[in-house]
file protein06.pdb (PDB, N, CA and C atoms)
MODEL        1
ATOM      1  N   MET B   5     149.390  83.773 156.496
ATOM      2  CA  MET B   5     148.468  83.993 155.403
ATOM      3  C   MET B   5     149.183  83.683 154.094
ATOM      4  N   SER B   6     148.652  82.770 153.323
ATOM      5  CA  SER B   6     149.282  82.431 152.053
ATOM      6  C   SER B   6     148.648  83.237 150.935
ATOM      7  N   THR B   7     149.476  83.575 149.941
ATOM      8  CA  THR B   7     148.977  84.257 148.749
ATOM      9  C   THR B   7     149.512  83.531 147.536
ATOM     10  N   ASP B   8     149.021  83.952 146.378
ATOM     11  CA  ASP B   8     149.483  83.371 145.131
ATOM     12  C   ASP B   8     150.639  84.178 144.551
ATOM     13  N   ARG B   9     151.168  85.143 145.295
ATOM     14  CA  ARG B   9     152.215  86.026 144.793
ATOM     15  C   ARG B   9     153.369  85.209 144.214
ATOM     16  N   GLY B  10     153.822  85.634 143.061
ATOM     17  CA  GLY B  10     154.955  84.989 142.448
ATOM     18  C   GLY B  10     154.615  83.802 141.562
ATOM     19  N   ARG B  11     153.374  83.411 141.494
ATOM     20  CA  ARG B  11     152.991  82.290 140.639
ATOM     21  C   ARG B  11     152.798  82.815 139.218
ATOM     22  N   HIS B  12     153.668  82.409 138.318
ATOM     23  CA  HIS B  12     153.610  82.857 136.930
ATOM     24  C   HIS B  12     152.814  81.869 136.093
ATOM     25  N   SER B  13     152.129  82.388 135.115
ATOM     26  CA  SER B  13     151.426  81.541 134.178
ATOM     27  C   SER B  13     151.463  82.194 132.809
ATOM     28  N   HIS B  14     151.086  81.434 131.824
ATOM     29  CA  HIS B  14     151.025  81.923 130.463
ATOM     30  C   HIS B  14     149.702  81.522 129.846
ATOM     31  N   ILE B  15     149.208  82.364 128.975
ATOM     32  CA  ILE B  15     148.143  81.958 128.080
ATOM     33  C   ILE B  15     148.829  81.747 126.752
ATOM     34  N   LEU B  16     148.728  80.550 126.226
ATOM     35  CA  LEU B  16     149.374  80.213 124.970
ATOM     36  C   LEU B  16     148.335  80.181 123.870
ATOM     37  N   TYR B  17     148.735  80.594 122.700
ATOM     38  CA  TYR B  17     147.791  80.688 121.593
ATOM     39  C   TYR B  17     148.474  80.197 120.331
ATOM     40  N   ASP B  18     147.950  79.171 119.725
ATOM     41  CA  ASP B  18     148.473  78.680 118.455
ATOM     42  C   ASP B  18     148.174  79.752 117.422
ATOM     43  N   SER B  19     149.225  80.311 116.855
ATOM     44  CA  SER B  19     149.055  81.498 116.033
ATOM     45  C   SER B  19     148.581  81.234 114.612
ATOM     46  N   ILE B  20     148.390  79.990 114.243
ATOM     47  CA  ILE B  20     147.883  79.693 112.904
ATOM     48  C   ILE B  20     146.428  79.245 112.973
ATOM     49  N   SER B  21     146.149  78.264 113.801
ATOM     50  CA  SER B  21     144.800  77.708 113.896
ATOM     51  C   SER B  21     143.961  78.538 114.847
ATOM     52  N   MET B  22     142.748  78.855 114.462
ATOM     53  CA  MET B  22     141.854  79.610 115.328
ATOM     54  C   MET B  22     140.814  78.674 115.955
ATOM     55  N   THR B  23     141.067  77.374 115.910
ATOM     56  CA  THR B  23     140.097  76.425 116.466
ATOM     57  C   THR B  23     140.736  75.628 117.591
ATOM     58  N   GLY B  24     139.917  75.000 118.383
ATOM     59  CA  GLY B  24     140.412  74.092 119.407
ATOM     60  C   GLY B  24     140.823  74.762 120.699
ATOM     61  N   TRP B  25     140.274  75.930 121.013
ATOM     62  CA  TRP B  25     140.627  76.632 122.246
ATOM     63  C   TRP B  25     140.376  75.735 123.443
ATOM     64  N   LYS B  26     141.358  75.630 124.312
ATOM     65  CA  LYS B  26     141.217  74.760 125.470
ATOM     66  C   LYS B  26     141.880  75.402 126.676
ATOM     67  N   ARG B  27     141.148  75.522 127.750
ATOM     68  CA  ARG B  27     141.731  76.016 128.989
ATOM     69  C   ARG B  27     142.255  74.825 129.764
ATOM     70  N   GLN B  28     143.484  74.917 130.211
ATOM     71  CA  GLN B  28     144.087  73.859 131.009
ATOM     72  C   GLN B  28     144.241  74.385 132.433
ATOM     73  N   GLU B  29     143.230  74.141 133.231
ATOM     74  CA  GLU B  29     143.156  74.696 134.576
ATOM     75  C   GLU B  29     144.355  74.327 135.443
ATOM     76  N   LYS B  30     144.769  73.083 135.425
ATOM     77  CA  LYS B  30     145.849  72.656 136.313
ATOM     78  C   LYS B  30     147.147  73.387 136.026
ATOM     79  N   ARG B  31     147.363  73.739 134.775
ATOM     80  CA  ARG B  31     148.599  74.408 134.413
ATOM     81  C   ARG B  31     148.440  75.917 134.378
ATOM     82  N   GLY B  32     147.237  76.426 134.594
ATOM     83  CA  GLY B  32     147.011  77.854 134.618
ATOM     84  C   GLY B  32     147.263  78.541 133.293
ATOM     85  N   ARG B  33     146.895  77.888 132.202
ATOM     86  CA  ARG B  33     147.089  78.515 130.908
ATOM     87  C   ARG B  33     145.968  78.132 129.972
ATOM     88  N   GLU B  34     145.866  78.904 128.916
ATOM     89  CA  GLU B  34     144.901  78.612 127.873
ATOM     90  C   GLU B  34     145.677  78.486 126.579
ATOM     91  N   GLN B  35     145.232  77.612 125.707
ATOM     92  CA  GLN B  35     145.941  77.473 124.444
ATOM     93  C   GLN B  35     145.012  77.003 123.352
ATOM     94  N   ILE B  36     145.452  77.230 122.140
ATOM     95  CA  ILE B  36     144.803  76.652 120.976
ATOM     96  C   ILE B  36     145.771  75.635 120.410
ATOM     97  N   ARG B  37     145.303  74.424 120.188
ATOM     98  CA  ARG B  37     146.166  73.355 119.707
ATOM     99  C   ARG B  37     146.329  73.424 118.199
ATOM    100  N   GLY B  38     147.450  72.915 117.728
ATOM    101  CA  GLY B  38     147.639  72.821 116.297
ATOM    102  C   GLY B  38     149.093  72.857 115.905
ATOM    103  N   CYS B  39     149.679  73.995 115.890
ATOM    104  CA  CYS B  39     151.013  74.215 115.346
ATOM    105  C   CYS B  39     151.987  74.503 116.480
ATOM    106  N   HIS B  40     153.271  74.535 116.153
ATOM    107  CA  HIS B  40     154.286  74.800 117.174
ATOM    108  C   HIS B  40     154.538  76.288 117.394
ATOM    109  N   ASP B  41     154.152  77.137 116.458
ATOM    110  CA  ASP B  41     154.288  78.577 116.644
ATOM    111  C   ASP B  41     153.221  79.030 117.626
ATOM    112  N   ARG B  42     153.654  79.779 118.634
ATOM    113  CA  ARG B  42     152.701  80.181 119.664
ATOM    114  C   ARG B  42     152.876  81.642 120.030
ATOM    115  N   ALA B  43     151.764  82.280 120.252
ATOM    116  CA  ALA B  43     151.756  83.601 120.844
ATOM    117  C   ALA B  43     151.538  83.396 122.338
ATOM    118  N   VAL B  44     152.079  84.274 123.153
ATOM    119  CA  VAL B  44     152.046  84.074 124.597
ATOM    120  C   VAL B  44     151.611  85.348 125.303
ATOM    121  N   LEU B  45     150.827  85.175 126.346
ATOM    122  CA  LEU B  45     150.516  86.254 127.261
ATOM    123  C   LEU B  45     151.022  85.825 128.629
ATOM    124  N   LEU B  46     151.922  86.616 129.187
ATOM    125  CA  LEU B  46     152.478  86.317 130.503
ATOM    126  C   LEU B  46     151.681  87.068 131.561
ATOM    127  N   TYR B  47     151.301  86.347 132.611
ATOM    128  CA  TYR B  47     150.646  86.994 133.737
ATOM    129  C   TYR B  47     151.145  86.392 135.033
ATOM    130  N   GLU B  48     150.931  87.130 136.121
ATOM    131  CA  GLU B  48     151.389  86.687 137.440
ATOM    132  C   GLU B  48     150.347  87.077 138.478
ATOM    133  N   TYR B  49     150.057  86.154 139.379
ATOM    134  CA  TYR B  49     149.208  86.492 140.520
ATOM    135  C   TYR B  49     150.052  87.304 141.494
ATOM    136  N   VAL B  50     149.569  88.503 141.823
ATOM    137  CA  VAL B  50     150.297  89.388 142.735
ATOM    138  C   VAL B  50     149.546  89.564 144.055
ATOM    139  N   GLY B  51     148.518  88.825 144.224
ATOM    140  CA  GLY B  51     147.704  88.811 145.433
ATOM    141  C   GLY B  51     146.753  87.639 145.319
ATOM    142  N   LYS B  52     145.984  87.435 146.359
ATOM    143  CA  LYS B  52     145.091  86.277 146.356
ATOM    144  C   LYS B  52     144.093  86.308 145.197
ATOM    145  N   ARG B  53     143.572  87.470 144.853
ATOM    146  CA  ARG B  53     142.573  87.604 143.782
ATOM    147  C   ARG B  53     142.971  88.678 142.774
ATOM    148  N   ILE B  54     144.275  88.967 142.665
ATOM    149  CA  ILE B  54     144.753  90.004 141.754
ATOM    150  C   ILE B  54     145.785  89.406 140.811
ATOM    151  N   VAL B  55     145.573  89.627 139.522
ATOM    152  CA  VAL B  55     146.500  89.128 138.505
ATOM    153  C   VAL B  55     147.076  90.330 137.748
ATOM    154  N   ASP B  56     148.381  90.263 137.492
ATOM    155  CA  ASP B  56     149.064  91.290 136.710
ATOM    156  C   ASP B  56     149.238  90.753 135.296
ATOM    157  N   LEU B  57     148.560  91.359 134.334
ATOM    158  CA  LEU B  57     148.688  90.969 132.929
ATOM    159  C   LEU B  57     149.900  91.724 132.389
ATOM    160  N   GLN B  58     151.018  90.994 132.206
ATOM    161  CA  GLN B  58     152.316  91.622 132.045
ATOM    162  C   GLN B  58     152.787  91.827 130.619
ATOM    163  N   HIS B  59     152.553  90.871 129.734
ATOM    164  CA  HIS B  59     153.215  90.955 128.432
ATOM    165  C   HIS B  59     152.537  90.046 127.414
ATOM    166  N   THR B  60     152.396  90.536 126.204
ATOM    167  CA  THR B  60     151.951  89.691 125.100
ATOM    168  C   THR B  60     153.077  89.613 124.073
ATOM    169  N   GLU B  61     153.171  88.471 123.437
ATOM    170  CA  GLU B  61     154.167  88.310 122.379
ATOM    171  C   GLU B  61     153.614  87.410 121.287
ATOM    172  N   VAL B  62     153.726  87.889 120.053
ATOM    173  CA  VAL B  62     153.265  87.159 118.886
ATOM    174  C   VAL B  62     154.470  86.971 117.963
ATOM    175  N   PRO B  63     154.679  85.759 117.429
ATOM    176  CA  PRO B  63     155.794  85.555 116.504
ATOM    177  C   PRO B  63     155.738  86.564 115.345
ATOM    178  N   ASP B  64     156.898  87.040 114.923
ATOM    179  CA  ASP B  64     156.978  88.042 113.858
ATOM    180  C   ASP B  64     156.153  87.660 112.634
ATOM    181  N   ALA B  65     156.218  86.408 112.249
ATOM    182  CA  ALA B  65     155.534  85.957 111.036
ATOM    183  C   ALA B  65     154.011  86.090 111.122
ATOM    184  N   TYR B  66     153.466  86.258 112.334
ATOM    185  CA  TYR B  66     152.016  86.290 112.507
ATOM    186  C   TYR B  66     151.499  87.617 113.052
ATOM    187  N   ARG B  67     152.360  88.606 113.177
ATOM    188  CA  ARG B  67     151.923  89.908 113.680
ATOM    189  C   ARG B  67     150.999  90.576 112.670
ATOM    190  N   GLY B  68     150.106  91.405 113.197
ATOM    191  CA  GLY B  68     149.181  92.133 112.338
ATOM    192  C   GLY B  68     147.949  91.350 111.940
ATOM    193  N   ARG B  69     147.741  90.202 112.558
ATOM    194  CA  ARG B  69     146.579  89.360 112.228
ATOM    195  C   ARG B  69     145.533  89.328 113.336
ATOM    196  N   GLY B  70     145.682  90.161 114.344
ATOM    197  CA  GLY B  70     144.689  90.213 115.417
ATOM    198  C   GLY B  70     144.887  89.185 116.515
ATOM    199  N   ILE B  71     146.027  88.522 116.526
ATOM    200  CA  ILE B  71     146.261  87.473 117.510
ATOM    201  C   ILE B  71     146.407  88.055 118.914
ATOM    202  N   ALA B  72     147.130  89.158 119.051
ATOM    203  CA  ALA B  72     147.271  89.784 120.370
ATOM    204  C   ALA B  72     145.910  90.219 120.908
ATOM    205  N   LYS B  73     145.023  90.627 120.010
ATOM    206  CA  LYS B  73     143.664  91.002 120.423
ATOM    207  C   LYS B  73     142.943  89.805 121.033
ATOM    208  N   HIS B  74     143.120  88.628 120.429
ATOM    209  CA  HIS B  74     142.506  87.410 120.978
ATOM    210  C   HIS B  74     143.098  87.072 122.348
ATOM    211  N   LEU B  75     144.400  87.256 122.506
ATOM    212  CA  LEU B  75     145.039  87.018 123.806
ATOM    213  C   LEU B  75     144.486  87.974 124.855
ATOM    214  N   ALA B  76     144.388  89.250 124.505
ATOM    215  CA  ALA B  76     143.887  90.244 125.443
ATOM    216  C   ALA B  76     142.452  89.916 125.865
ATOM    217  N   LYS B  77     141.611  89.600 124.893
ATOM    218  CA  LYS B  77     140.222  89.262 125.211
ATOM    219  C   LYS B  77     140.145  88.022 126.097
ATOM    220  N   ALA B  78     140.930  86.992 125.768
ATOM    221  CA  ALA B  78     140.920  85.765 126.568
ATOM    222  C   ALA B  78     141.362  86.051 128.001
ATOM    223  N   ALA B  79     142.389  86.868 128.161
ATOM    224  CA  ALA B  79     142.877  87.189 129.501
ATOM    225  C   ALA B  79     141.831  87.964 130.295
ATOM    226  N   LEU B  80     141.227  88.958 129.676
ATOM    227  CA  LEU B  80     140.220  89.756 130.385
ATOM    228  C   LEU B  80     138.958  88.947 130.664
ATOM    229  N   ASP B  81     138.570  88.091 129.748
ATOM    230  CA  ASP B  81     137.423  87.215 129.996
ATOM    231  C   ASP B  81     137.713  86.261 131.153
ATOM    232  N   PHE B  82     138.954  85.779 131.240
ATOM    233  CA  PHE B  82     139.360  84.930 132.360
ATOM    234  C   PHE B  82     139.236  85.689 133.686
ATOM    235  N   VAL B  83     139.688  86.938 133.699
ATOM    236  CA  VAL B  83     139.583  87.772 134.901
ATOM    237  C   VAL B  83     138.119  87.903 135.316
ATOM    238  N   VAL B  84     137.243  88.143 134.344
ATOM    239  CA  VAL B  84     135.811  88.272 134.629
ATOM    240  C   VAL B  84     135.241  86.951 135.139
ATOM    241  N   GLU B  85     135.504  85.855 134.427
ATOM    242  CA  GLU B  85     134.960  84.538 134.790
ATOM    243  C   GLU B  85     135.399  84.094 136.177
ATOM    244  N   GLU B  86     136.631  84.403 136.534
ATOM    245  CA  GLU B  86     137.173  83.973 137.828
ATOM    246  C   GLU B  86     136.966  85.017 138.923
ATOM    247  N   ASP B  87     136.271  86.114 138.590
ATOM    248  CA  ASP B  87     135.981  87.204 139.527
ATOM    249  C   ASP B  87     137.261  87.726 140.186
ATOM    250  N   LEU B  88     138.257  88.033 139.345
ATOM    251  CA  LEU B  88     139.542  88.548 139.805
ATOM    252  C   LEU B  88     139.615  90.046 139.572
ATOM    253  N   LYS B  89     140.644  90.667 140.089
ATOM    254  CA  LYS B  89     141.029  92.034 139.763
ATOM    255  C   LYS B  89     142.268  91.937 138.894
ATOM    256  N   ALA B  90     142.482  92.931 138.020
ATOM    257  CA  ALA B  90     143.625  92.885 137.119
ATOM    258  C   ALA B  90     144.406  94.190 137.151
ATOM    259  N   HIS B  91     145.718  94.043 137.190
ATOM    260  CA  HIS B  91     146.635  95.163 136.986
ATOM    261  C   HIS B  91     147.186  94.981 135.577
ATOM    262  N   LEU B  92     147.161  96.057 134.766
ATOM    263  CA  LEU B  92     147.566  95.942 133.373
ATOM    264  C   LEU B  92     148.948  96.543 133.165
ATOM    265  N   THR B  93     149.970  95.717 133.239
ATOM    266  CA  THR B  93     151.326  96.155 132.935
ATOM    267  C   THR B  93     151.536  96.182 131.422
ATOM    268  N   CYS B  94     150.938  95.267 130.708
ATOM    269  CA  CYS B  94     151.107  95.140 129.260
ATOM    270  C   CYS B  94     150.458  96.318 128.532
ATOM    271  N   TRP B  95     151.270  97.034 127.728
ATOM    272  CA  TRP B  95     150.750  98.192 126.998
ATOM    273  C   TRP B  95     149.667  97.776 126.014
ATOM    274  N   TYR B  96     149.780  96.598 125.426
ATOM    275  CA  TYR B  96     148.788  96.191 124.438
ATOM    276  C   TYR B  96     147.430  95.936 125.100
ATOM    277  N   ILE B  97     147.439  95.329 126.265
ATOM    278  CA  ILE B  97     146.159  95.081 126.949
ATOM    279  C   ILE B  97     145.559  96.400 127.436
ATOM    280  N   GLN B  98     146.394  97.346 127.839
ATOM    281  CA  GLN B  98     145.896  98.685 128.171
ATOM    282  C   GLN B  98     145.179  99.293 126.964
ATOM    283  N   LYS B  99     145.811  99.179 125.789
ATOM    284  CA  LYS B  99     145.227  99.688 124.543
ATOM    285  C   LYS B  99     143.907  98.963 124.237
ATOM    286  N   TYR B 100     143.892  97.641 124.409
ATOM    287  CA  TYR B 100     142.685  96.861 124.138
ATOM    288  C   TYR B 100     141.521  97.338 125.009
ATOM    289  N   VAL B 101     141.790  97.579 126.284
ATOM    290  CA  VAL B 101     140.723  98.037 127.190
ATOM    291  C   VAL B 101     140.226  99.425 126.783
ATOM    292  N   LYS B 102     141.126 100.294 126.357
ATOM    293  CA  LYS B 102     140.703 101.626 125.892
ATOM    294  C   LYS B 102     139.814 101.522 124.664
ATOM    295  N   GLU B 103     140.120 100.576 123.782
ATOM    296  CA  GLU B 103     139.330 100.389 122.569
ATOM    297  C   GLU B 103     138.057  99.578 122.814
ATOM    298  N   ASN B 104     138.014  98.835 123.911
ATOM    299  CA  ASN B 104     136.871  97.981 124.266
ATOM    300  C   ASN B 104     136.517  98.211 125.734
ATOM    301  N   PRO B 105     136.026  99.406 126.069
ATOM    302  CA  PRO B 105     135.784  99.752 127.483
ATOM    303  C   PRO B 105     134.519  99.113 128.055
ATOM    304  N   LEU B 106     134.476  97.794 128.030
ATOM    305  CA  LEU B 106     133.306  97.081 128.544
ATOM    306  C   LEU B 106     133.250  97.207 130.066
ATOM    307  N   PRO B 107     132.070  97.429 130.616
ATOM    308  CA  PRO B 107     131.941  97.595 132.071
ATOM    309  C   PRO B 107     132.524  96.421 132.859
ATOM    310  N   GLN B 108     132.333  95.191 132.359
ATOM    311  CA  GLN B 108     132.834  94.027 133.079
ATOM    312  C   GLN B 108     134.355  94.010 133.139
ATOM    313  N   TYR B 109     135.040  94.663 132.204
ATOM    314  CA  TYR B 109     136.492  94.794 132.259
ATOM    315  C   TYR B 109     136.881  95.953 133.178
ATOM    316  N   LEU B 110     136.267  97.103 132.950
ATOM    317  CA  LEU B 110     136.645  98.312 133.684
ATOM    318  C   LEU B 110     136.479  98.170 135.198
ATOM    319  N   GLU B 111     135.445  97.478 135.632
ATOM    320  CA  GLU B 111     135.215  97.344 137.079
ATOM    321  C   GLU B 111     136.206  96.415 137.757
ATOM    322  N   ARG B 112     137.003  95.715 136.995
ATOM    323  CA  ARG B 112     137.986  94.779 137.576
ATOM    324  C   ARG B 112     139.417  95.279 137.507
ATOM    325  N   LEU B 113     139.614  96.497 137.014
ATOM    326  CA  LEU B 113     140.965  97.034 136.870
ATOM    327  C   LEU B 113     141.485  97.602 138.171
ATOM    328  N   GLN B 114     142.770  97.355 138.415
ATOM    329  CA  GLN B 114     143.492  97.902 139.556
ATOM    330  C   GLN B 114     144.485  98.937 139.022
ATOM    331  N   PRO B 115     144.730 100.001 139.770
ATOM    332  CA  PRO B 115     145.732 100.983 139.315
ATOM    333  C   PRO B 115     147.139 100.411 139.332
TER
ENDMDL
END
call {"tool": "encode", "arguments": {"input": "protein06.pdb", "output": "structure tokens"}}
result
Amino acid sequence: MSTDRGRHSHILYDSISMTGWKRQEKRGREQIRGCHDRAVLLYEYVGKRIVDLQHTEVPDAYRGRGIAKHLAKAALDFVVEEDLKAHLTCWYIQKYVKENPLPQYLERLQP
């Protein structure tokens, strides 16, 4: 039985431009094109349909602008769109879900 365990991916986010969002399916990441400064969300498939949302990071120069919130929303929307389950290792995404307890997010959470 094969699983996706150990397959790491990132959601990349151009931290200056808020336009041009593009999902790159083959590479398993999402990004906004524009500048070289990037915010990143690290995730890993830990089962066939389970993803662990592990870590968000925003460059110091761009913190406090809501960029991590966009990463969290994009990651959770991806989980919903792909009908996955999510384990939330990242403290920021845990906080985001508490502040945005949408049913479509809550029903996909794994302990």
call {"tool": "residues_around", "arguments": {"input": "protein06.pdb", "residues": "B:Val84", "least_positions_apart": "5", "cutoff": "9 Å", "atoms": "only C-alpha atoms", "output": "PDB file with N, CA and C atoms, in the coordinates of the input"}}
result
ATOM      1  N   ALA B  79     142.389  86.868 128.161  1.00  0.00           N
ATOM      2  CA  ALA B  79     142.877  87.189 129.501  1.00  0.00           C
ATOM      3  C   ALA B  79     141.831  87.964 130.295  1.00  0.00           C
ATOM      4  N   LYS B  89     140.644  90.667 140.089  1.00  0.00           N
ATOM      5  CA  LYS B  89     141.029  92.034 139.763  1.00  0.00           C
ATOM      6  C   LYS B  89     142.268  91.937 138.894  1.00  0.00           C
ATOM      7  N   GLN B 108     132.333  95.191 132.359  1.00  0.00           N
ATOM      8  CA  GLN B 108     132.834  94.027 133.079  1.00  0.00           C
ATOM      9  C   GLN B 108     134.355  94.010 133.139  1.00  0.00           C
ATOM     10  N   TYR B 109     135.040  94.663 132.204  1.00  0.00           N
ATOM     11  CA  TYR B 109     136.492  94.794 132.259  1.00  0.00           C
ATOM     12  C   TYR B 109     136.881  95.953 133.178  1.00  0.00           C
ATOM     13  N   ARG B 112     137.003  95.715 136.995  1.00  0.00           N
ATOM     14  CA  ARG B 112     137.986  94.779 137.576  1.00  0.00           C
ATOM     15  C   ARG B 112     139.417  95.279 137.507  1.00  0.00           C
TER      16      ARG B 112
END
call {"tool": "residues_around", "arguments": {"input": "protein06.pdb", "residues": "stretch 54-69 of chain B", "least_positions_apart": "6", "cutoff": "8 Å", "atoms": "all atoms listed in the file", "output": "list of chain:residue names"}}
result
B:Asp8, B:Ser19, B:Ile20, B:Asp41, B:Arg42, B:Ala43, B:Val44, B:Leu45, B:Leu46, B:Tyr47, B:Glu48, B:Leu75, B:Ala76, B:Ala79, B:Val83, B:Asp87, B:Leu88, B:Lys89, B:Ala90, B:His91, B:Leu92, B:Thr93, B:Cys94, B:Trp95, B:Tyr96, B:Ile97
call {"tool": "atom_distance", "arguments": {"input": "protein06.pdb", "atom1": "atom CA of B:Ala72", "atom2": "atom CA of B:Pro107"}}
result
20.8 Å
call {"tool": "axis_aligned_box", "arguments": {"input": "protein06.pdb", "around": "stretch 77-95 of chain B", "padding_each_side": "3 Å", "output": "JSON"}}
result
{"center_x": 143.2, "center_y": 91.1, "center_z": 132.5, "size_x": 22.6, "size_y": 20.2, "size_z": 21.3}
call {"tool": "select_by_dssp", "arguments": {"input": "protein06.pdb", "residues": "stretch 47-80 of chain B", "states": "alpha helix (DSSP H)", "output": "PyMOL selection string"}}
result
chain B and resi 71-80
call {"tool": "atom_distance", "arguments": {"input": "protein06.pdb", "atom1": "atom CA of B:Arg53", "atom2": "atom CA of B:Gln114"}}
result
11.2 Å
call {"tool": "atom_distance", "arguments": {"input": "protein06.pdb", "atom1": "atom C of B:Leu106", "atom2": "atom N of B:Asp81"}}
result
10.6 Å
